[in-house]
file final_35.cif (mmCIF, C-alpha atoms and all ligand atoms)
data_start
loop_
_atom_site.group_PDB
_atom_site.id
_atom_site.type_symbol
_atom_site.label_atom_id
_atom_site.label_comp_id
_atom_site.auth_asym_id
_atom_site.auth_seq_id
_atom_site.Cartn_x
_atom_site.Cartn_y
_atom_site.Cartn_z
ATOM 1 C CA MET T 503 25.177 109.082 69.168
ATOM 2 C CA LYS T 504 22.904 110.598 71.871
ATOM 3 C CA LYS T 505 24.245 112.718 74.744
ATOM 4 C CA TRP T 506 22.883 112.626 78.341
ATOM 5 C CA ARG T 507 23.640 115.171 81.073
ATOM 6 C CA CYS T 508 23.619 114.315 84.751
ATOM 7 C CA ILE T 509 21.364 116.949 86.338
ATOM 8 C CA ILE T 510 23.236 116.589 89.655
ATOM 9 C CA CYS T 511 26.867 117.151 88.547
ATOM 10 C CA ASN T 512 26.612 118.017 84.804
ATOM 11 C CA TYR T 513 28.637 114.973 83.735
ATOM 12 C CA VAL T 514 27.919 114.153 80.042
ATOM 13 C CA HIS T 515 27.483 110.535 78.960
ATOM 14 C CA GLU T 516 27.403 109.432 75.310
ATOM 15 C CA GLY T 517 25.279 106.414 74.353
ATOM 16 C CA GLU T 518 21.862 105.252 73.245
ATOM 17 C CA THR T 519 20.641 105.199 76.882
ATOM 18 C CA PRO T 520 21.764 106.972 80.098
ATOM 19 C CA PRO T 521 24.335 105.085 82.246
ATOM 20 C CA GLU T 522 23.240 102.804 85.105
ATOM 21 C CA LYS T 523 25.203 105.022 87.497
ATOM 22 C CA CYS T 524 26.888 108.431 87.049
ATOM 23 C CA PRO T 525 30.679 107.778 87.286
ATOM 24 C CA VAL T 526 31.170 111.169 88.994
ATOM 25 C CA CYS T 527 28.378 111.554 91.566
ATOM 26 C CA GLY T 528 26.782 108.094 91.568
ATOM 27 C CA ALA T 529 23.271 109.273 90.492
ATOM 28 C CA GLY T 530 21.004 106.724 88.762
ATOM 29 C CA PRO T 531 19.690 106.838 85.134
ATOM 30 C CA ASP T 532 16.550 108.776 86.180
ATOM 31 C CA LYS T 533 18.808 111.756 86.995
ATOM 32 C CA PHE T 534 20.032 112.036 83.371
ATOM 33 C CA GLU T 535 18.395 114.225 80.733
ATOM 34 C CA LEU T 536 18.795 113.967 76.983
ATOM 35 C CA ILE T 537 20.765 116.866 75.445
ATOM 36 C CA GLU T 538 18.907 118.025 72.327
ATOM 37 C CA GLU T 539 21.299 118.971 69.529
ATOM 38 C CA PRO T 540 20.335 122.277 67.889
ATOM 39 C CA LYS T 541 18.825 121.670 64.468
ATOM 40 C CA VAL T 542 21.089 122.825 61.659
ATOM 41 C CA THR T 543 19.061 124.630 59.014
ATOM 42 C CA THR T 544 20.448 125.851 55.727
ATOM 43 C CA PRO T 545 19.461 129.512 55.275
ATOM 44 C CA LYS T 546 17.312 130.217 52.237
ATOM 45 C CA LYS T 547 18.402 132.585 49.498
ATOM 46 C CA TRP T 548 16.007 135.060 47.871
ATOM 47 C CA ARG T 549 16.678 136.939 44.646
ATOM 48 C CA CYS T 550 15.219 140.365 43.918
ATOM 49 C CA THR T 551 13.643 140.023 40.469
ATOM 50 C CA VAL T 552 14.126 143.751 39.869
ATOM 51 C CA CYS T 553 17.850 144.286 40.639
ATOM 52 C CA ASN T 554 19.127 140.716 41.286
ATOM 53 C CA TYR T 555 20.174 141.476 44.891
ATOM 54 C CA ILE T 556 20.481 138.249 46.939
ATOM 55 C CA HIS T 557 19.027 138.179 50.477
ATOM 56 C CA VAL T 558 19.838 135.322 52.872
ATOM 57 C CA GLY T 559 17.201 134.475 55.490
ATOM 58 C CA ALA T 560 14.116 132.453 56.293
ATOM 59 C CA THR T 561 11.856 134.953 54.499
ATOM 60 C CA PRO T 562 12.432 137.693 51.884
ATOM 61 C CA PRO T 563 13.275 141.170 53.289
ATOM 62 C CA GLU T 564 10.585 143.813 53.884
ATOM 63 C CA LYS T 565 12.398 146.118 51.443
ATOM 64 C CA CYS T 566 15.219 145.439 48.977
ATOM 65 C CA PRO T 567 18.261 147.407 50.285
ATOM 66 C CA VAL T 568 19.397 148.105 46.706
ATOM 67 C CA CYS T 569 16.279 149.076 44.747
ATOM 68 C CA GLY T 570 13.653 149.407 47.498
ATOM 69 C CA VAL T 571 10.991 146.981 46.204
ATOM 70 C CA GLY T 572 8.879 144.891 48.609
ATOM 71 C CA PRO T 573 8.966 141.163 49.480
ATOM 72 C CA ASP T 574 6.556 140.271 46.646
ATOM 73 C CA LYS T 575 9.333 140.993 44.108
ATOM 74 C CA PHE T 576 11.618 138.308 45.642
ATOM 75 C CA VAL T 577 11.803 134.705 44.456
ATOM 76 C CA LEU T 578 13.259 131.763 46.362
ATOM 77 C CA LEU T 579 16.500 130.514 44.831
ATOM 78 C CA GLU T 580 16.303 126.769 44.735
ATOM 79 C CA GLU T 581 19.152 124.507 43.745
ATOM 80 C CA SER T 582 18.544 123.683 40.145
ATOM 81 C CA PRO T 583 19.174 120.171 38.858
ATOM 82 C CA GLY T 584 22.646 119.875 37.349
ATOM 83 C CA ASP T 585 23.987 122.785 39.438
ATOM 84 C CA LEU T 586 27.107 122.454 41.613
ATOM 85 C CA PRO T 587 26.710 121.905 45.382
ATOM 86 C CA ALA T 588 25.929 125.268 47.063
ATOM 87 C CA LYS T 589 29.385 125.851 48.637
ATOM 88 C CA GLU T 590 31.305 125.036 45.477
ATOM 89 C CA ARG T 591 28.879 127.109 43.439
ATOM 90 C CA ASP T 592 29.316 130.170 45.703
ATOM 91 C CA ALA T 593 33.125 129.905 45.439
ATOM 92 C CA ILE T 594 32.987 129.755 41.652
ATOM 93 C CA GLN T 595 30.414 132.544 41.528
ATOM 94 C CA ALA T 596 32.964 134.726 43.382
ATOM 95 C CA LEU T 597 35.530 134.003 40.649
ATOM 96 C CA LEU T 598 33.041 135.255 38.066
ATOM 97 C CA PHE T 599 33.285 138.758 39.576
ATOM 98 C CA ASN T 600 36.589 138.924 37.667
ATOM 99 C CA VAL T 601 34.732 138.752 34.351
ATOM 100 C CA SER T 602 34.071 142.207 32.909
ATOM 101 C CA TYR T 603 30.747 143.266 31.424
ATOM 102 C CA GLY T 604 29.338 146.401 29.857
ATOM 103 C CA LEU T 605 25.937 147.871 30.685
ATOM 104 C CA TYR T 606 23.076 148.357 28.263
ATOM 105 C CA ILE T 607 19.413 149.257 28.038
ATOM 106 C CA ILE T 608 17.754 146.506 26.023
ATOM 107 C CA SER T 609 14.508 147.686 24.461
ATOM 108 C CA SER T 610 11.658 146.178 22.486
ATOM 109 C CA ILE T 611 8.196 146.936 21.199
ATOM 110 C CA LYS T 612 4.830 145.177 21.270
ATOM 111 C CA ASP T 613 1.670 146.550 19.626
ATOM 112 C CA GLU T 614 3.260 150.029 19.669
ATOM 113 C CA LYS T 615 4.008 149.726 23.398
ATOM 114 C CA LEU T 616 7.675 150.342 24.232
ATOM 115 C CA ASN T 617 9.674 148.880 27.069
ATOM 116 C CA GLY T 618 13.272 148.399 28.132
ATOM 117 C CA MET T 619 15.448 147.025 30.917
ATOM 118 C CA ALA T 620 19.032 147.296 32.163
ATOM 119 C CA SER T 621 21.258 144.372 31.261
ATOM 120 C CA ASN T 622 24.928 143.484 31.493
ATOM 121 C CA THR T 623 24.734 140.515 29.135
ATOM 122 C CA PHE T 624 24.823 141.948 25.601
ATOM 123 C CA ILE T 625 27.834 140.845 23.514
ATOM 124 C CA GLN T 626 28.796 140.638 19.862
ATOM 125 C CA VAL T 627 28.963 136.932 18.978
ATOM 126 C CA THR T 628 29.887 136.776 15.261
ATOM 127 C CA ASP T 629 31.215 139.297 12.730
ATOM 128 C CA ARG T 630 30.005 137.870 9.375
ATOM 129 C CA PRO T 631 27.162 138.439 9.627
ATOM 130 C CA LEU T 632 27.269 140.771 12.620
ATOM 131 C CA ARG T 633 25.362 139.116 15.418
ATOM 132 C CA GLY T 634 24.788 139.944 19.080
ATOM 133 C CA SER T 635 23.271 138.007 21.984
ATOM 134 C CA VAL T 636 21.578 139.003 25.214
ATOM 135 C CA CYS T 637 20.371 136.851 28.112
ATOM 136 C CA LEU T 638 17.237 138.009 29.935
ATOM 137 C CA GLY T 639 15.172 136.595 32.789
ATOM 138 C CA LYS T 640 11.868 135.148 31.611
ATOM 139 C CA GLY T 641 9.986 137.269 34.157
ATOM 140 C CA ALA T 642 11.124 140.555 32.618
ATOM 141 C CA LEU T 643 8.479 142.286 30.520
ATOM 142 C CA THR T 644 11.156 143.230 27.956
ATOM 143 C CA ALA T 645 12.001 139.535 27.443
ATOM 144 C CA GLN T 646 8.340 138.830 26.721
ATOM 145 C CA TYR T 647 8.150 141.704 24.209
ATOM 146 C CA ILE T 648 11.278 140.415 22.406
ATOM 147 C CA LYS T 649 9.935 136.852 22.354
ATOM 148 C CA GLU T 650 6.741 138.071 20.678
ATOM 149 C CA SER T 651 8.091 140.784 18.348
ATOM 150 C CA GLY T 652 11.411 139.113 17.390
ATOM 151 C CA VAL T 653 13.318 142.419 17.636
ATOM 152 C CA PHE T 654 15.424 144.207 20.229
ATOM 153 C CA GLY T 655 17.418 147.409 20.520
ATOM 154 C CA VAL T 656 20.616 147.971 22.510
ATOM 155 C CA SER T 657 21.515 151.407 23.927
ATOM 156 C CA VAL T 658 25.155 151.284 25.042
ATOM 157 C CA LEU T 659 25.619 153.139 28.332
ATOM 158 C CA GLY T 660 28.407 155.600 29.063
ATOM 159 C CA LYS T 661 30.032 156.309 32.429
ATOM 160 C CA ASN T 662 27.497 159.060 33.198
ATOM 161 C CA ASN T 663 24.345 157.012 32.621
ATOM 162 C CA HIS T 664 23.717 155.910 36.240
ATOM 163 C CA ASP T 665 20.206 157.403 36.211
ATOM 164 C CA LEU T 666 19.205 155.270 33.228
ATOM 165 C CA VAL T 667 20.359 152.091 35.016
ATOM 166 C CA LYS T 668 18.100 152.932 37.968
ATOM 167 C CA HIS T 669 15.170 153.953 35.785
ATOM 168 C CA PHE T 670 15.269 150.858 33.567
ATOM 169 C CA GLY T 671 16.788 148.331 35.983
ATOM 170 C CA TYR T 672 14.964 148.926 39.273
ATOM 171 C CA GLN T 673 11.355 148.969 38.105
ATOM 172 C CA SER T 674 9.247 147.001 35.671
ATOM 173 C CA GLY T 675 7.312 148.208 32.653
ATOM 174 C CA ARG T 676 4.342 146.425 34.217
ATOM 175 C CA ASP T 677 4.147 149.227 36.792
ATOM 176 C CA VAL T 678 5.352 152.271 34.863
ATOM 177 C CA ASP T 679 5.760 153.562 31.293
ATOM 178 C CA LYS T 680 9.561 153.720 31.250
ATOM 179 C CA PHE T 681 9.891 155.594 27.929
ATOM 180 C CA LYS T 682 7.526 158.410 28.914
ATOM 181 C CA ASP T 683 9.576 161.649 29.159
ATOM 182 C CA MET T 684 12.694 159.966 27.714
ATOM 183 C CA ASN T 685 14.615 161.318 24.712
ATOM 184 C CA TYR T 686 14.860 158.535 22.166
ATOM 185 C CA VAL T 687 15.014 157.689 18.490
ATOM 186 C CA THR T 688 12.881 155.019 16.889
ATOM 187 C CA GLY T 689 14.955 152.408 15.070
ATOM 188 C CA ASP T 690 14.408 152.451 11.270
ATOM 189 C CA LYS T 691 14.535 148.659 10.912
ATOM 190 C CA THR T 692 12.877 147.380 14.080
ATOM 191 C CA GLY T 693 10.894 150.243 15.608
ATOM 192 C CA CYS T 694 12.706 149.687 18.920
ATOM 193 C CA PRO T 695 13.593 152.826 20.904
ATOM 194 C CA GLY T 696 17.209 153.934 21.359
ATOM 195 C CA LEU T 697 18.064 156.370 24.163
ATOM 196 C CA LEU T 698 19.732 159.597 23.025
ATOM 197 C CA GLU T 699 21.682 160.179 26.267
ATOM 198 C CA THR T 700 23.679 156.988 25.644
ATOM 199 C CA LEU T 701 26.757 156.350 23.472
ATOM 200 C CA CYS T 702 25.070 154.557 20.595
ATOM 201 C CA PHE T 703 22.167 152.378 19.553
ATOM 202 C CA ILE T 704 22.153 148.980 17.813
ATOM 203 C CA GLU T 705 19.146 147.218 16.294
ATOM 204 C CA CYS T 706 18.797 143.419 16.202
ATOM 205 C CA GLU T 707 16.423 140.904 14.630
ATOM 206 C CA VAL T 708 16.144 137.680 16.614
ATOM 207 C CA GLU T 709 17.447 134.581 14.811
ATOM 208 C CA GLN T 710 17.405 132.101 17.677
ATOM 209 C CA VAL T 711 15.924 131.885 21.163
ATOM 210 C CA ILE T 712 17.563 129.415 23.516
ATOM 211 C CA ASP T 713 15.517 128.436 26.568
ATOM 212 C CA LEU T 714 17.843 128.292 29.600
ATOM 213 C CA GLY T 715 15.140 127.512 32.168
ATOM 214 C CA THR T 716 15.122 130.769 34.112
ATOM 215 C CA HIS T 717 16.315 132.910 31.168
ATOM 216 C CA TYR T 718 16.034 133.252 27.402
ATOM 217 C CA LEU T 719 19.234 133.678 25.426
ATOM 218 C CA PHE T 720 18.338 135.769 22.364
ATOM 219 C CA ILE T 721 20.724 135.668 19.419
ATOM 220 C CA GLY T 722 20.062 138.420 16.910
ATOM 221 C CA LYS T 723 21.356 139.649 13.597
ATOM 222 C CA ILE T 724 22.547 143.259 13.895
ATOM 223 C CA VAL T 725 20.606 145.143 11.241
ATOM 224 C CA ASP T 726 21.286 148.822 11.963
ATOM 225 C CA GLY T 727 22.994 151.247 14.333
ATOM 226 C CA ASP T 728 23.508 154.921 15.244
ATOM 227 C CA GLY T 729 26.268 156.690 17.198
ATOM 228 C CA PHE T 730 25.015 159.521 19.392
ATOM 229 C CA SER T 731 27.885 161.231 21.129
ATOM 230 C CA ASP T 732 29.910 162.790 18.320
ATOM 231 C CA GLY T 733 28.179 161.820 15.136
ATOM 232 C CA ASP T 734 30.725 159.288 13.868
ATOM 233 C CA GLY T 735 29.629 156.353 15.994
ATOM 234 C CA PHE T 736 32.779 156.414 18.120
ATOM 235 C CA SER T 737 32.097 158.139 21.381
ATOM 236 C CA LYS T 738 34.710 160.161 23.223
ATOM 237 C CA GLU T 739 33.030 159.129 26.478
ATOM 238 C CA GLU T 740 33.998 155.781 27.971
ATOM 239 C CA PRO T 741 31.456 152.956 28.128
ATOM 240 C CA MET T 742 30.015 152.055 31.542
ATOM 241 C CA THR T 743 31.094 148.687 32.924
ATOM 242 C CA TYR T 744 29.127 146.612 35.425
ATOM 243 C CA ALA T 745 32.013 146.896 37.933
ATOM 244 C CA TYR T 746 32.219 150.700 37.494
ATOM 245 C CA TYR T 747 28.469 151.032 38.041
ATOM 246 C CA HIS T 748 28.600 149.019 41.267
ATOM 247 C CA ALA T 749 31.604 150.974 42.536
ATOM 248 C CA THR T 750 30.000 154.379 41.864
ATOM 249 C CA ARG T 751 26.210 153.958 42.093
HETATM 250 C C1 LIG N 801 22.994 146.760 36.679
HETATM 251 C C2 LIG N 801 21.853 145.831 36.322
HETATM 252 C C3 LIG N 801 22.051 144.796 35.415
HETATM 253 C C4 LIG N 801 21.009 143.923 35.074
HETATM 254 N N1 LIG N 801 21.219 142.910 34.182
HETATM 255 C C5 LIG N 801 20.225 142.052 33.879
HETATM 256 C C6 LIG N 801 20.422 141.003 32.922
HETATM 257 O O1 LIG N 801 21.490 140.887 32.295
HETATM 258 N N2 LIG N 801 19.398 140.137 32.688
HETATM 259 C C7 LIG N 801 18.200 140.265 33.342
HETATM 260 O O2 LIG N 801 17.304 139.457 33.120
HETATM 261 N N3 LIG N 801 17.959 141.279 34.225
HETATM 262 C C8 LIG N 801 18.944 142.170 34.489
HETATM 263 N N4 LIG N 801 18.711 143.206 35.362
HETATM 264 C C9 LIG N 801 17.377 143.356 35.979
HETATM 265 C C10 LIG N 801 16.357 144.047 35.050
HETATM 266 O O3 LIG N 801 16.871 145.226 34.474
HETATM 267 C C11 LIG N 801 15.114 144.374 35.905
HETATM 268 O O4 LIG N 801 14.571 143.173 36.409
HETATM 269 C C12 LIG N 801 14.056 145.185 35.189
HETATM 270 O O5 LIG N 801 13.233 145.803 36.160
HETATM 271 C C13 LIG N 801 13.152 144.390 34.230
HETATM 272 O O6 LIG N 801 12.247 145.309 33.675
HETATM 273 P P1 LIG N 801 10.981 144.922 32.773
HETATM 274 O O7 LIG N 801 10.111 143.976 33.578
HETATM 275 O O8 LIG N 801 10.316 146.246 32.517
HETATM 276 O O9 LIG N 801 11.494 144.291 31.514
HETATM 277 C C14 LIG N 801 19.736 144.098 35.669
HETATM 278 C C15 LIG N 801 19.526 145.167 36.583
HETATM 279 C C16 LIG N 801 20.574 146.034 36.902
HETATM 280 C C17 LIG N 801 20.318 147.157 37.862
#
call {"tool": "encode", "arguments": {"input": "final_35.cif", "output": "structure tokens"}}
result
Amino acid sequence: MKKWRCIICNYVHEGETPPEKCPVCGAGPDKFELIEEPKVTTPKKWRCTVCNYIHVGATPPEKCPVCGVGPDKFVLLEESPGDLPAKERDAIQALLFNVSYGLYIISSIKDEKLNGMASNTFIQVTDRPLRGSVCLGKGALTAQYIKESGVFGVSVLGKNNHDLVKHFGYQSGRDVDKFKDMNYVTGDKTGCPGLLETLCFIECEVEQVIDLGTHYLFIGKIVDGDGFSDGDGFSKEEPMTYAYYHATR
């Protein structure tokens, strides 16, 4: 339904056309103007491909407030087919903050080049044989290395490893050699690097890759491992959780 305002007395009339005569001041239809309703636009959401920060606005931000990268590292989040309506999805996403995760540096190797990235998605999935899975964005260089080499390493972070999260999680191996100047061992079975400042290192050979559209879910057989903190594989230091990292970064 359209709305018309009398320019003489501000009376508002609702209808397809203005009234023949204003019921308040008696002005004719030529004294009425159409009231334009403000257009409702749904704000766009942009995801930082480096640290996963979400920005809401018409355009991506000049600089990511979390990791500092520029607008070129942001991608538009579009509703994907099969997803819940945006409001419902946001409400359920908030519930998922109650799920706890650890933090890891996932590494791989390609033609002797090493790379790694921060991830909160590694978990053990079976015990006989021992298997682990990790879910990585397709845009990450590490994901591409794993897809090609079929191997990945997992360095399990402790509560003091904040610097490693920043180093491996806020920049890409496309721009910097992330293992230069790092202390690491080279895995006996896979050749993947494991960081010595972490709690332990696990080596995996990929058995299955599941294509999830935006991400690959890698399922790997655990083929070797090393504990770093006290020599017996069981660290005295506590593992870092995703929630602890966000509360203390
Ligand atoms: C705390 C934290 C957790 C992250 N978890 C994931 C994850 O589980 N999956 C993912 O694809 N990216 C994750 N990221 C983002 C990648 O670490 C980041 O995009 C990285 O720069 C990719 O590096 P690469 O291109 O050298 O592989 C995380 C980043 C941070 C800071």
call {"tool": "residues_around", "arguments": {"input": "final_35.cif", "residues": "Lys640 of chain T", "least_positions_apart": "4", "cutoff": "7 Å", "atoms": "all atoms listed in the file", "output": "mmCIF file with C-alpha atoms, in the frame of the given file"}}
result
data_model
loop_
_atom_site.group_PDB
_atom_site.id
_atom_site.type_symbol
_atom_site.label_atom_id
_atom_site.label_comp_id
_atom_site.auth_asym_id
_atom_site.auth_seq_id
_atom_site.Cartn_x
_atom_site.Cartn_y
_atom_site.Cartn_z
ATOM 1 C CA ALA T 645 12.001 139.535 27.443
ATOM 2 C CA THR T 716 15.122 130.769 34.112
ATOM 3 C CA HIS T 717 16.315 132.910 31.168
ATOM 4 C CA TYR T 718 16.034 133.252 27.402
#
call {"tool": "closest_residue", "arguments": {"input": "final_35.cif", "among": "T:Pro520, T:Gly727, T:Pro695, T:Gly671", "to": "Tyr555 of chain T", "atoms": "all atoms listed in the file"}}
result
T:Gly671
call {"tool": "closest_residue", "arguments": {"input": "final_35.cif", "among": "T:Trp548, T:Phe720, T:Phe624, T:Phe599", "to": "ligand LIG 801 (chain N)", "atoms": "only C-alpha atoms and all ligand atoms"}}
result
T:Phe624
call {"tool": "atom_distance", "arguments": {"input": "final_35.cif", "atom1": "atom CA of Val708 of chain T", "atom2": "atom CA of Gly652 of chain T"}}
result
5.0 Å
call {"tool": "residues_around", "arguments": {"input": "final_35.cif", "residues": "Gly634 of chain T", "least_positions_apart": "2", "cutoff": "12 Å", "atoms": "only C-alpha atoms", "output": "PyMOL selection string"}}
result
chain T and resi 608+623-632+636-637+653-656+704-710+719-726
call {"tool": "resolve_selection", "arguments": {"input": "final_35.cif", "expression": "the PyMOL selection byres (((not hetatm)) within 7 of (chain N and resi 801))", "output": "ChimeraX atom specification"}}
result
/T:551-554,605,617-623,637-639,641-645,667-668,670-676,717,744
call {"tool": "residues_around", "arguments": {"input": "final_35.cif", "residues": "Ile556 of chain T", "least_positions_apart": "2", "cutoff": "12 Å", "atoms": "only C-alpha atoms", "output": "PyMOL selection string"}}
result
chain T and resi 546-554+558-559+561-563+566-569+575-579
call {"tool": "atom_distance", "arguments": {"input": "final_35.cif", "atom1": "atom CA of Lys615 of chain T", "atom2": "atom CA of His669 of chain T"}}
result
17.2 Å
call {"tool": "residues_around", "arguments": {"input": "final_35.cif", "residues": "segment 534-539 of chain T", "least_positions_apart": "6", "cutoff": "6 Å", "atoms": "all atoms listed in the file", "output": "list of chain:residue names"}}
result
T:Lys505, T:Trp506, T:Arg507, T:Cys508, T:Ile509
call {"tool": "build_atoms", "arguments": {"input": "final_35.cif", "residues": "segment 643-658 of chain T", "atoms": "N, CA and C atoms", "output": "mmCIF file, keeping the file's coordinate frame"}}
result
data_model
loop_
_atom_site.group_PDB
_atom_site.id
_atom_site.type_symbol
_atom_site.label_atom_id
_atom_site.label_comp_id
_atom_site.auth_asym_id
_atom_site.auth_seq_id
_atom_site.Cartn_x
_atom_site.Cartn_y
_atom_site.Cartn_z
ATOM 1 N N LEU T 643 9.451 141.939 31.565
ATOM 2 C CA LEU T 643 8.479 142.286 30.520
ATOM 3 C C LEU T 643 9.196 142.451 29.167
ATOM 4 N N THR T 644 10.393 143.029 29.202
ATOM 5 C CA THR T 644 11.156 143.230 27.956
ATOM 6 C C THR T 644 11.407 141.886 27.253
ATOM 7 N N ALA T 645 11.736 140.859 28.030
ATOM 8 C CA ALA T 645 12.001 139.535 27.443
ATOM 9 C C ALA T 645 10.751 139.021 26.728
ATOM 10 N N GLN T 646 9.590 139.289 27.348
ATOM 11 C CA GLN T 646 8.340 138.830 26.721
ATOM 12 C C GLN T 646 8.066 139.593 25.423
ATOM 13 N N TYR T 647 8.333 140.905 25.431
ATOM 14 C CA TYR T 647 8.150 141.704 24.209
ATOM 15 C C TYR T 647 9.063 141.173 23.090
ATOM 16 N N ILE T 648 10.327 140.884 23.437
ATOM 17 C CA ILE T 648 11.278 140.415 22.406
ATOM 18 C C ILE T 648 10.829 139.061 21.860
ATOM 19 N N LYS T 649 10.366 138.192 22.773
ATOM 20 C CA LYS T 649 9.935 136.852 22.354
ATOM 21 C C LYS T 649 8.803 136.981 21.333
ATOM 22 N N GLU T 650 7.895 137.932 21.570
ATOM 23 C CA GLU T 650 6.741 138.071 20.678
ATOM 24 C C GLU T 650 7.051 138.861 19.405
ATOM 25 N N SER T 651 7.866 139.922 19.529
ATOM 26 C CA SER T 651 8.091 140.784 18.348
ATOM 27 C C SER T 651 9.276 140.317 17.500
ATOM 28 N N GLY T 652 10.224 139.579 18.128
ATOM 29 C CA GLY T 652 11.411 139.113 17.390
ATOM 30 C C GLY T 652 12.420 140.226 17.107
ATOM 31 N N VAL T 653 12.351 141.326 17.832
ATOM 32 C CA VAL T 653 13.318 142.419 17.636
ATOM 33 C C VAL T 653 13.746 142.987 18.996
ATOM 34 N N PHE T 654 15.003 143.468 19.031
ATOM 35 C CA PHE T 654 15.424 144.207 20.229
ATOM 36 C C PHE T 654 16.436 145.282 19.860
ATOM 37 N N GLY T 655 16.473 146.318 20.700
ATOM 38 C CA GLY T 655 17.418 147.409 20.520
ATOM 39 C C GLY T 655 18.382 147.426 21.699
ATOM 40 N N VAL T 656 19.596 147.927 21.457
ATOM 41 C CA VAL T 656 20.616 147.971 22.510
ATOM 42 C C VAL T 656 21.161 149.392 22.586
ATOM 43 N N SER T 657 20.902 150.092 23.698
ATOM 44 C CA SER T 657 21.515 151.407 23.927
ATOM 45 C C SER T 657 22.731 151.162 24.805
ATOM 46 N N VAL T 658 23.901 151.550 24.320
ATOM 47 C CA VAL T 658 25.155 151.284 25.042
ATOM 48 C C VAL T 658 25.416 152.427 26.021
#
